[in-house]
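**Student:** Quick one: the structure is below, questions incoming.
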Amino acid sequence: MSKTQIHVPDVGSSDPVDVIEISVKVGDTINAEDTIIVLESDKATVEVPAPQGGKVAAISVKVGDRVKEGDAVMELEAEGNDESVAADDKGDTAQGSGAQSQPQDEPKKENASGDSAKVDKPKEQAGSRTETVKVPDLGDIDAAEIIEVNVAVGDELDEEQVIVVVESDKASLEIPSPNAGKVESVSVSVGDKVGTGDALITLAVAGGSVSAEASEREPESEKEADAENANKEEKETGKESDTGAQGKPAQKSEPPSSSRGQVADSGASPSKPVHAGPAVRKLARETGVDLSQVSATGPKGRILKDDVHAYVKQRLEGQPAGGAGGGLAVELPEIDFSQFGDIERVELNKLRKVSAQNLTRSWLTIPHVTQHDNADITDLEAFRKSQNKRLEREGVKLTMLAFLVTACARALKEYPRFNSSLENSGEALIEKRYINIGIAVDTPSGLVVPVIKDADKKGLKEIALEMGELAEKARNRKLTPADMKGGTFSISSLGGIGGTAFTPIVNWPEVAILGVSRSDMQPVWDGNQFQPRLMLPMSLSYDHRVIDGAAAARFTTYLSQLLTDMRQALL
């Protein structure tokens, strides 16, 4: 029985991430792909699965630790050889070590499938293992379409070689191979819909420790043990749920008759270990749901998004209209528009559906106020045009939006409350020490908001180039989830279209957004006479729970002064 050290995989961040949950303990027997720990960064929550089955010998981390890629997590006593024999040679007598014996059925199986012998044999004979490459964490994307499959059975792959390209209405993502090896099978084809954790290909990787058959199949006794554990866990869950934190019986099947505040009071952090993916945990945090109170309908007691939605719906049934839940107080009647004339029903794409949900949530939960102001950009526009002539040879084009990003970054430093987020509890404010500004981009599929990271640390040229690249990716639907995460403030510019003012909707969890309309020449009194000045209309929407009207007026006034004379940004 060999011991295997399990390390932190690539979680998409070079910075350390937090250990927020440890799902196993020393002495536990686990199967391949069972979740062992859950990691969380500022961008995502990632469940780390066991690469193989075995017994937990030691755990190197604890909840609250910060780890990075390659750090040791735990030590596993792998029982790969015995499992391989049990899986591949059911009912036959087998010796303990695959290095000295080989199941009799294996050659027949290999001839039937056409697989290479070195793939199916244990490590001691073949020195290779079969690995299933799965779809990585797609963030908020529930399902994406396979638009390219770049490999075929028998191909030899290099590490990080792109195997498939997936696309949603939000973004396109190239998925690389985590290891070098030979493609044994391809589980997807162009047009298939996949989600986080779905299998893409199986790969024969050199230097493996367990055979493919052993890692993919469980002996009957293990399946029975899993069923018993599941039943036991279900009974324990029932007992814990029946006696809540106050020692009072908790009703699962009947909707509670208390106030809506109970949904928020339960909190977003589960009070006991639960089985749920990153997207489900994020949904629970956003809706204030304690996952330990949610009945799971997924395989092996896993909580699904539908379970969370059903729980919230149940808690809100029979509650007074217009409560803290933020839902609509009335049910809209269905109208048959065809009685008035010809109609056509046009299905919304996923991007517009997601946008509609997010906008509704923001509008219903954030008390919006909009502050309007004008900025004199006469001198700034003249400077912009003169610099564009000089920068033309460098391939750089300065837009007014680039100056707005720079000015907003400076204003956010001066007024950090506009760069914050309100805790779901409403009891504290999270002031961020980084400034990431989202830019709303209009595309044929709908509105997307790519984010310029660390805008306060970048110059005008760098911001202009990055904006151009992000806008191009947005139009070609090549934005990745990472391109649209982490924003602290947003800008929506309609200057290229028209209008004099509008009310942009705050992009939760941000607390403010700047809307910009088309600039035009206006007569401005200079103390002696009217002068023609180019004025830029600005509309600042903000969360009135966080920002007072006076603070908003100061912010727009300061921003207007910066745009009138950008030299102030240097002070």
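By convention in this document, the chains of the structure tokens carry letters A, B, ... by their order, each chain's residues are numbered from 1, and ligands are numbered from 1 in the order they are shown.
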So which residues touch Glu167 in chain A within 9 Å, counting only C-alpha atoms, skipping near sequence neighbours fewer than 4 positions away, as number ranges by chain?
**Tutor:** A: 143-147, 171-174, 477-478
**Student:** May I ask for the distance between CA of Arg545 in chain A and CA of Ile491 in chain A, given in Å to one decimal place?
**Tutor:** 20.4 Å
**Student:** Write out as number ranges by chain each polymer residue whose atoms come within 12 Å of Ala72 in chain A, counting only C-alpha atoms; drop sequence neighbours fewer than 5 positions from it.
**Tutor:** A: 4-9, 37, 58-62, 65-67
**Student:** Calculate how many Å separate CA of Ala474 in chain A from CA of Ser492 in chain A, rounding to one decimal.
**Tutor:**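 Those two atoms sit 14.9 Å apart.
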**Student:** Per DSSP on the backbone, filter range 370-406 of chain A down to the residues in strand (DSSP E) and report them as number ranges by chain.
**Tutor:** A: 370-376
**Student:** Just to be explicit: take each residue in the selection above, keep N, CA and C atoms, and write the result as a JSON list (two decimals), in the first residue's frame.
**Tutor:**
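Okay, out39.json is ready:
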[["chain", "number", "residue", "atom", "x", "y", "z"],
["A", 370, "THR", "N", -30.07, 59.22, -8.51],
["A", 370, "THR", "CA", -29.17, 59.64, -9.58],
["A", 370, "THR", "C", -28.86, 61.13, -9.47],
["A", 371, "GLN", "N", -27.57, 61.44, -9.46],
["A", 371, "GLN", "CA", -27.09, 62.83, -9.39],
["A", 371, "GLN", "C", -26.60, 63.23, -10.79],
["A", 372, "HIS", "N", -27.13, 64.32, -11.31],
["A", 372, "HIS", "CA", -26.76, 64.79, -12.66],
["A", 372, "HIS", "C", -25.84, 66.02, -12.55],
["A", 373, "ASP", "N", -24.88, 66.10, -13.46],
["A", 373, "ASP", "CA", -23.96, 67.23, -13.49],
["A", 373, "ASP", "C", -23.36, 67.35, -14.89],
["A", 374, "ASN", "N", -22.69, 68.46, -15.16],
["A", 374, "ASN", "CA", -22.00, 68.68, -16.44],
["A", 374, "ASN", "C", -20.53, 68.95, -16.19],
["A", 375, "ALA", "N", -19.70, 68.54, -17.13],
["A", 375, "ALA", "CA", -18.26, 68.82, -17.05],
["A", 375, "ALA", "C", -17.83, 69.56, -18.32],
["A", 376, "ASP", "N", -17.06, 70.60, -18.14],
["A", 376, "ASP", "CA", -16.53, 71.38, -19.27],
["A", 376, "ASP", "C", -15.29, 70.66, -19.80]]
**Student:** Determine, counting only C-alpha atoms, which protein, DNA and RNA residues have an atom within 8 Å of an atom of range 444-454 of chain A; residues of the same chain fewer than 5 positions away are not included. Present the result as a PyMOL selection string.
**Tutor:** chain A and resi 169-170+349+351-352+355+434-439+463+466-467+470-471+474-475+479+483-487
**Student:** Residues within 10 Å of range 520-528 of chain A, please, as an mmCIF file with N, CA, C and O atoms, in the first residue's frame. Count only C-alpha atoms; anything in the same chain fewer than 6 positions from it doesn't count.
**Tutor:**
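What ended up in around-v8.cif:
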data_model
loop_
_atom_site.group_PDB
_atom_site.id
_atom_site.type_symbol
_atom_site.label_atom_id
_atom_site.label_comp_id
_atom_site.auth_asym_id
_atom_site.auth_seq_id
_atom_site.Cartn_x
_atom_site.Cartn_y
_atom_site.Cartn_z
ATOM 1 N N ASP A 376 -17.062 70.604 -18.139
ATOM 2 C CA ASP A 376 -16.529 71.378 -19.275
ATOM 3 C C ASP A 376 -15.293 70.657 -19.799
ATOM 4 O O ASP A 376 -14.241 70.644 -19.156
ATOM 5 N N ILE A 377 -15.409 70.043 -20.967
ATOM 6 C CA ILE A 377 -14.289 69.260 -21.523
ATOM 7 C C ILE A 377 -13.712 69.923 -22.779
ATOM 8 O O ILE A 377 -13.089 69.259 -23.598
ATOM 9 N N THR A 378 -13.914 71.229 -22.905
ATOM 10 C CA THR A 378 -13.437 71.934 -24.106
ATOM 11 C C THR A 378 -11.932 71.757 -24.279
ATOM 12 O O THR A 378 -11.456 71.337 -25.350
ATOM 13 N N GLY A 495 -22.323 58.303 -25.141
ATOM 14 C CA GLY A 495 -21.886 59.505 -25.845
ATOM 15 C C GLY A 495 -21.818 59.348 -27.350
ATOM 16 O O GLY A 495 -22.006 60.320 -28.086
ATOM 17 N N GLY A 498 -26.194 59.342 -28.279
ATOM 18 C CA GLY A 498 -26.957 60.571 -28.086
ATOM 19 C C GLY A 498 -27.568 60.624 -26.713
ATOM 20 O O GLY A 498 -27.271 59.822 -25.829
ATOM 21 N N THR A 500 -29.257 63.289 -23.387
ATOM 22 C CA THR A 500 -28.762 64.354 -22.511
ATOM 23 C C THR A 500 -28.588 63.870 -21.075
ATOM 24 O O THR A 500 -27.826 64.457 -20.313
ATOM 25 N N LEU A 534 -17.692 73.114 -24.644
ATOM 26 C CA LEU A 534 -18.129 71.734 -24.876
ATOM 27 C C LEU A 534 -18.425 71.090 -23.526
ATOM 28 O O LEU A 534 -17.519 70.871 -22.709
ATOM 29 N N MET A 535 -19.692 70.773 -23.280
ATOM 30 C CA MET A 535 -20.123 70.263 -21.981
ATOM 31 C C MET A 535 -20.494 68.780 -22.080
ATOM 32 O O MET A 535 -21.176 68.358 -23.011
ATOM 33 N N LEU A 536 -20.042 68.022 -21.097
ATOM 34 C CA LEU A 536 -20.297 66.577 -21.049
ATOM 35 C C LEU A 536 -21.309 66.278 -19.946
ATOM 36 O O LEU A 536 -21.039 66.504 -18.759
ATOM 37 N N PRO A 537 -22.514 65.760 -20.286
ATOM 38 C CA PRO A 537 -23.508 65.423 -19.255
ATOM 39 C C PRO A 537 -23.117 64.131 -18.523
ATOM 40 O O PRO A 537 -22.767 63.127 -19.147
#
**Student:** What is the CA of Thr488 in chain A-CA of Gly395 in chain A distance in Å, reported with one decimal?
**Tutor:**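 Those two atoms sit 29.1 Å apart.
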**Student:** Compile the contact shell of Thr556 in chain A as number ranges by chain: residues with an atom at most 8 Å away, counting only C-alpha atoms, same-chain residues fewer than 2 positions apart removed.
**Tutor:** A: 371-373, 538, 540, 552-554, 558-560
**Student:** Let's have the selection written as a PDB file, in the first residue's frame, with C-alpha atoms.
**Tutor:**
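Full text of again_6.pdb as output:
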ATOM      1  CA  GLN A 371     -27.090  62.827  -9.390  1.00  0.00           C
ATOM      2  CA  HIS A 372     -26.761  64.795 -12.659  1.00  0.00           C
ATOM      3  CA  ASP A 373     -23.958  67.234 -13.486  1.00  0.00           C
ATOM      4  CA  MET A 538     -22.859  62.991 -16.371  1.00  0.00           C
ATOM      5  CA  LEU A 540     -24.168  59.209 -11.258  1.00  0.00           C
ATOM      6  CA  ALA A 552     -22.672  62.210  -4.443  1.00  0.00           C
ATOM      7  CA  ALA A 553     -22.742  65.935  -5.263  1.00  0.00           C
ATOM      8  CA  ARG A 554     -19.156  66.303  -4.021  1.00  0.00           C
ATOM      9  CA  TYR A 558     -14.728  66.768  -8.079  1.00  0.00           C
ATOM     10  CA  LEU A 559     -14.970  64.606 -11.212  1.00  0.00           C
ATOM     11  CA  SER A 560     -16.130  67.611 -13.236  1.00  0.00           C
TER      12      SER A 560
END
**Student:** For each of A:Glu423, A:Glu47, A:Glu392, A:Asp137, take the minimum atom-to-atom distance to Ala276 in chain A, counting only C-alpha atoms, then give the residue where this is smallest.
**Tutor:**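 The closest residue to Ala276 in chain A is A:Glu47.
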**Student:** Could you go through range 391-523 of chain A and tell me which residues DSSP, when run on the backbone, assigns to alpha helix (DSSP H), listing them as a short mmCIF file (atom, residue, chain, number, x, y, z; two decimals) with all heavy atoms, in the first residue's frame?
**Tutor:**
data_model
loop_
_atom_site.label_atom_id
_atom_site.label_comp_id
_atom_site.auth_asym_id
_atom_site.auth_seq_id
_atom_site.Cartn_x
_atom_site.Cartn_y
_atom_site.Cartn_z
N LEU A 391 0.07 60.11 -31.52
CA LEU A 391 0.11 58.68 -31.17
C LEU A 391 -0.34 57.77 -32.30
O LEU A 391 -0.32 56.55 -32.16
CB LEU A 391 -0.78 58.42 -29.95
CG LEU A 391 -0.36 59.09 -28.64
CD1 LEU A 391 -1.44 58.93 -27.58
CD2 LEU A 391 0.97 58.51 -28.15
N MET A 400 -12.43 59.61 -25.25
CA MET A 400 -12.84 60.34 -24.05
C MET A 400 -13.08 59.36 -22.90
O MET A 400 -12.88 59.70 -21.73
CB MET A 400 -14.11 61.16 -24.34
CG MET A 400 -14.54 62.05 -23.19
SD MET A 400 -13.25 63.20 -22.60
CE MET A 400 -13.00 64.22 -24.06
N LEU A 401 -13.46 58.13 -23.25
CA LEU A 401 -13.71 57.13 -22.21
C LEU A 401 -12.43 56.80 -21.44
O LEU A 401 -12.48 56.54 -20.24
CB LEU A 401 -14.29 55.86 -22.85
CG LEU A 401 -14.92 54.84 -21.91
CD1 LEU A 401 -15.97 55.49 -21.03
CD2 LEU A 401 -15.53 53.70 -22.72
N ALA A 402 -11.27 56.82 -22.13
CA ALA A 402 -10.01 56.57 -21.44
C ALA A 402 -9.72 57.65 -20.40
O ALA A 402 -9.26 57.36 -19.29
CB ALA A 402 -8.87 56.50 -22.45
N PHE A 403 -10.02 58.90 -20.74
CA PHE A 403 -9.84 59.99 -19.78
C PHE A 403 -10.83 59.84 -18.62
O PHE A 403 -10.50 60.13 -17.46
CB PHE A 403 -10.06 61.34 -20.47
CG PHE A 403 -8.93 61.74 -21.38
CD1 PHE A 403 -8.98 61.47 -22.73
CD2 PHE A 403 -7.81 62.39 -20.89
CE1 PHE A 403 -7.95 61.83 -23.58
CE2 PHE A 403 -6.76 62.77 -21.72
CZ PHE A 403 -6.83 62.47 -23.07
N LEU A 404 -12.05 59.38 -18.92
CA LEU A 404 -13.04 59.18 -17.87
C LEU A 404 -12.59 58.11 -16.87
O LEU A 404 -12.78 58.27 -15.67
CB LEU A 404 -14.38 58.79 -18.49
CG LEU A 404 -15.24 59.93 -19.03
CD1 LEU A 404 -16.38 59.39 -19.88
CD2 LEU A 404 -15.82 60.76 -17.87
N VAL A 405 -12.01 57.02 -17.39
CA VAL A 405 -11.52 55.95 -16.52
C VAL A 405 -10.44 56.50 -15.58
O VAL A 405 -10.45 56.26 -14.37
CB VAL A 405 -10.99 54.76 -17.33
CG1 VAL A 405 -10.26 53.76 -16.42
CG2 VAL A 405 -12.11 54.07 -18.07
N THR A 406 -9.51 57.27 -16.16
CA THR A 406 -8.43 57.86 -15.35
C THR A 406 -8.97 58.82 -14.30
O THR A 406 -8.56 58.78 -13.13
CB THR A 406 -7.44 58.60 -16.27
OG1 THR A 406 -6.89 57.68 -17.23
CG2 THR A 406 -6.30 59.21 -15.47
N ALA A 407 -9.92 59.65 -14.71
CA ALA A 407 -10.49 60.63 -13.77
C ALA A 407 -11.30 59.93 -12.67
O ALA A 407 -11.22 60.31 -11.50
CB ALA A 407 -11.37 61.62 -14.53
N CYS A 408 -12.06 58.88 -13.04
CA CYS A 408 -12.86 58.16 -12.05
C CYS A 408 -11.96 57.43 -11.05
O CYS A 408 -12.26 57.39 -9.85
CB CYS A 408 -13.79 57.17 -12.74
SG CYS A 408 -15.23 57.93 -13.52
N ALA A 409 -10.86 56.88 -11.54
CA ALA A 409 -9.92 56.20 -10.64
C ALA A 409 -9.38 57.17 -9.60
O ALA A 409 -9.25 56.84 -8.42
CB ALA A 409 -8.79 55.57 -11.44
N ARG A 410 -9.09 58.39 -10.04
CA ARG A 410 -8.59 59.41 -9.11
C ARG A 410 -9.68 59.82 -8.13
O ARG A 410 -9.43 60.00 -6.92
CB ARG A 410 -8.11 60.64 -9.90
CG ARG A 410 -7.50 61.72 -9.03
CD ARG A 410 -6.16 61.26 -8.48
NE ARG A 410 -5.56 62.23 -7.59
CZ ARG A 410 -5.83 62.35 -6.29
NH1 ARG A 410 -6.73 61.55 -5.74
NH2 ARG A 410 -5.21 63.24 -5.55
N ALA A 411 -10.92 59.96 -8.62
CA ALA A 411 -12.03 60.35 -7.75
C ALA A 411 -12.35 59.26 -6.73
O ALA A 411 -12.71 59.55 -5.58
CB ALA A 411 -13.26 60.67 -8.60
N LEU A 412 -12.21 58.00 -7.12
CA LEU A 412 -12.48 56.89 -6.21
C LEU A 412 -11.45 56.84 -5.08
O LEU A 412 -11.77 56.42 -3.96
CB LEU A 412 -12.51 55.56 -6.97
CG LEU A 412 -13.69 55.37 -7.93
CD1 LEU A 412 -13.50 54.12 -8.77
CD2 LEU A 412 -15.01 55.30 -7.17
N LYS A 413 -10.22 57.25 -5.38
CA LYS A 413 -9.21 57.35 -4.32
C LYS A 413 -9.56 58.46 -3.35
O LYS A 413 -9.34 58.35 -2.13
CB LYS A 413 -7.83 57.61 -4.94
CG LYS A 413 -7.09 56.37 -5.36
CD LYS A 413 -5.64 56.68 -5.67
CE LYS A 413 -4.81 55.42 -5.83
NZ LYS A 413 -3.39 55.71 -6.08
N GLU A 414 -10.10 59.55 -3.88
CA GLU A 414 -10.46 60.69 -3.04
C GLU A 414 -11.71 60.39 -2.21
O GLU A 414 -11.83 60.84 -1.08
CB GLU A 414 -10.70 61.91 -3.94
CG GLU A 414 -10.87 63.22 -3.19
CD GLU A 414 -9.56 63.73 -2.60
OE1 GLU A 414 -8.48 63.27 -3.02
OE2 GLU A 414 -9.63 64.62 -1.72
N LEU A 460 -2.70 56.61 -19.37
CA LEU A 460 -3.74 56.80 -20.38
C LEU A 460 -3.57 55.85 -21.57
O LEU A 460 -4.52 55.23 -22.03
CB LEU A 460 -3.73 58.24 -20.87
CG LEU A 460 -4.63 59.24 -20.14
CD1 LEU A 460 -4.36 60.65 -20.64
CD2 LEU A 460 -6.09 58.87 -20.35
N LYS A 461 -2.35 55.73 -22.07
CA LYS A 461 -2.10 54.87 -23.23
C LYS A 461 -2.41 53.43 -22.91
O LYS A 461 -3.02 52.71 -23.72
CB LYS A 461 -0.65 55.02 -23.71
CG LYS A 461 -0.35 56.34 -24.38
CD LYS A 461 0.86 56.28 -25.29
CE LYS A 461 2.09 55.73 -24.63
NZ LYS A 461 3.27 55.75 -25.53
N GLU A 462 -1.99 52.97 -21.73
CA GLU A 462 -2.23 51.58 -21.35
C GLU A 462 -3.72 51.30 -21.21
O GLU A 462 -4.21 50.25 -21.65
CB GLU A 462 -1.51 51.28 -20.03
CG GLU A 462 -1.50 49.81 -19.66
CD GLU A 462 -0.70 49.53 -18.40
OE1 GLU A 462 -0.12 50.48 -17.84
OE2 GLU A 462 -0.67 48.36 -17.98
N ILE A 463 -4.45 52.26 -20.62
CA ILE A 463 -5.89 52.09 -20.47
C ILE A 463 -6.57 52.07 -21.84
O ILE A 463 -7.46 51.25 -22.09
CB ILE A 463 -6.47 53.21 -19.58
CG1 ILE A 463 -6.03 53.00 -18.13
CG2 ILE A 463 -7.99 53.27 -19.68
CD1 ILE A 463 -6.41 54.14 -17.21
N ALA A 464 -6.15 52.97 -22.73
CA ALA A 464 -6.76 53.03 -24.06
C ALA A 464 -6.53 51.72 -24.83
O ALA A 464 -7.46 51.20 -25.48
CB ALA A 464 -6.19 54.21 -24.85
N LEU A 465 -5.32 51.18 -24.75
CA LEU A 465 -5.03 49.92 -25.45
C LEU A 465 -5.84 48.78 -24.87
O LEU A 465 -6.41 47.96 -25.60
CB LEU A 465 -3.52 49.61 -25.36
CG LEU A 465 -2.59 50.45 -26.24
CD1 LEU A 465 -1.14 50.19 -25.87
CD2 LEU A 465 -2.83 50.12 -27.72
N GLU A 466 -5.92 48.70 -23.53
CA GLU A 466 -6.66 47.61 -22.89
C GLU A 466 -8.15 47.71 -23.19
O GLU A 466 -8.81 46.69 -23.42
CB GLU A 466 -6.42 47.65 -21.38
CG GLU A 466 -7.01 46.45 -20.65
CD GLU A 466 -6.61 46.39 -19.19
OE1 GLU A 466 -5.62 47.06 -18.81
OE2 GLU A 466 -7.27 45.67 -18.43
N MET A 467 -8.68 48.92 -23.20
CA MET A 467 -10.09 49.10 -23.54
C MET A 467 -10.39 48.62 -24.95
O MET A 467 -11.41 47.97 -25.20
CB MET A 467 -10.48 50.58 -23.40
CG MET A 467 -10.72 51.03 -21.98
SD MET A 467 -11.02 52.81 -21.88
CE MET A 467 -12.16 53.05 -23.20
N GLY A 468 -9.48 48.93 -25.88
CA GLY A 468 -9.66 48.49 -27.25
C GLY A 468 -9.66 46.98 -27.37
O GLY A 468 -10.48 46.39 -28.09
N GLU A 469 -8.73 46.34 -26.65
CA GLU A 469 -8.65 44.88 -26.68
C GLU A 469 -9.90 44.24 -26.09
O GLU A 469 -10.44 43.27 -26.64
CB GLU A 469 -7.40 44.42 -25.93
CG GLU A 469 -6.10 44.80 -26.60
CD GLU A 469 -4.89 44.55 -25.71
OE1 GLU A 469 -5.09 44.08 -24.56
OE2 GLU A 469 -3.75 44.82 -26.15
N LEU A 470 -10.36 44.76 -24.94
CA LEU A 470 -11.55 44.20 -24.29
C LEU A 470 -12.80 44.40 -25.15
O LEU A 470 -13.65 43.50 -25.24
CB LEU A 470 -11.74 44.83 -22.92
CG LEU A 470 -10.73 44.44 -21.84
CD1 LEU A 470 -10.94 45.28 -20.58
CD2 LEU A 470 -10.85 42.96 -21.50
N ALA A 471 -12.91 45.57 -25.77
CA ALA A 471 -14.07 45.83 -26.62
C ALA A 471 -14.09 44.89 -27.82
O ALA A 471 -15.14 44.38 -28.22
CB ALA A 471 -14.06 47.29 -27.09
N GLU A 472 -12.91 44.62 -28.38
CA GLU A 472 -12.81 43.70 -29.52
C GLU A 472 -13.19 42.29 -29.10
O GLU A 472 -13.92 41.58 -29.81
CB GLU A 472 -11.39 43.73 -30.08
CG GLU A 472 -11.19 42.88 -31.34
CD GLU A 472 -11.94 43.43 -32.54
OE1 GLU A 472 -12.28 44.63 -32.55
OE2 GLU A 472 -12.20 42.65 -33.47
N LYS A 473 -12.69 41.86 -27.94
CA LYS A 473 -13.05 40.53 -27.43
C LYS A 473 -14.55 40.44 -27.16
O LYS A 473 -15.18 39.40 -27.40
CB LYS A 473 -12.26 40.23 -26.15
CG LYS A 473 -10.78 39.97 -26.39
CD LYS A 473 -10.02 39.87 -25.08
CE LYS A 473 -10.34 38.59 -24.34
NZ LYS A 473 -9.49 38.45 -23.12
N ALA A 474 -15.13 41.52 -26.67
CA ALA A 474 -16.57 41.52 -26.37
C ALA A 474 -17.38 41.38 -27.66
O ALA A 474 -18.34 40.60 -27.70
CB ALA A 474 -16.95 42.81 -25.64
N ARG A 475 -17.00 42.10 -28.69
CA ARG A 475 -17.74 42.03 -29.95
C ARG A 475 -17.62 40.66 -30.60
O ARG A 475 -18.53 40.20 -31.28
CB ARG A 475 -17.27 43.13 -30.90
CG ARG A 475 -17.79 44.51 -30.53
CD ARG A 475 -17.47 45.53 -31.60
NE ARG A 475 -16.06 45.87 -31.61
CZ ARG A 475 -15.53 46.88 -30.93
NH1 ARG A 475 -16.31 47.62 -30.16
NH2 ARG A 475 -14.24 47.13 -30.97
#
**Student:** With only C-alpha atoms as the counted atoms, please give the residues lying no more than 12 Å from range 190-194 of chain A, apart from itself and same-chain residues fewer than 4 positions off, as a ChimeraX atom specification.
**Tutor:** /A:134-138,141-151,164-168,186,198-200
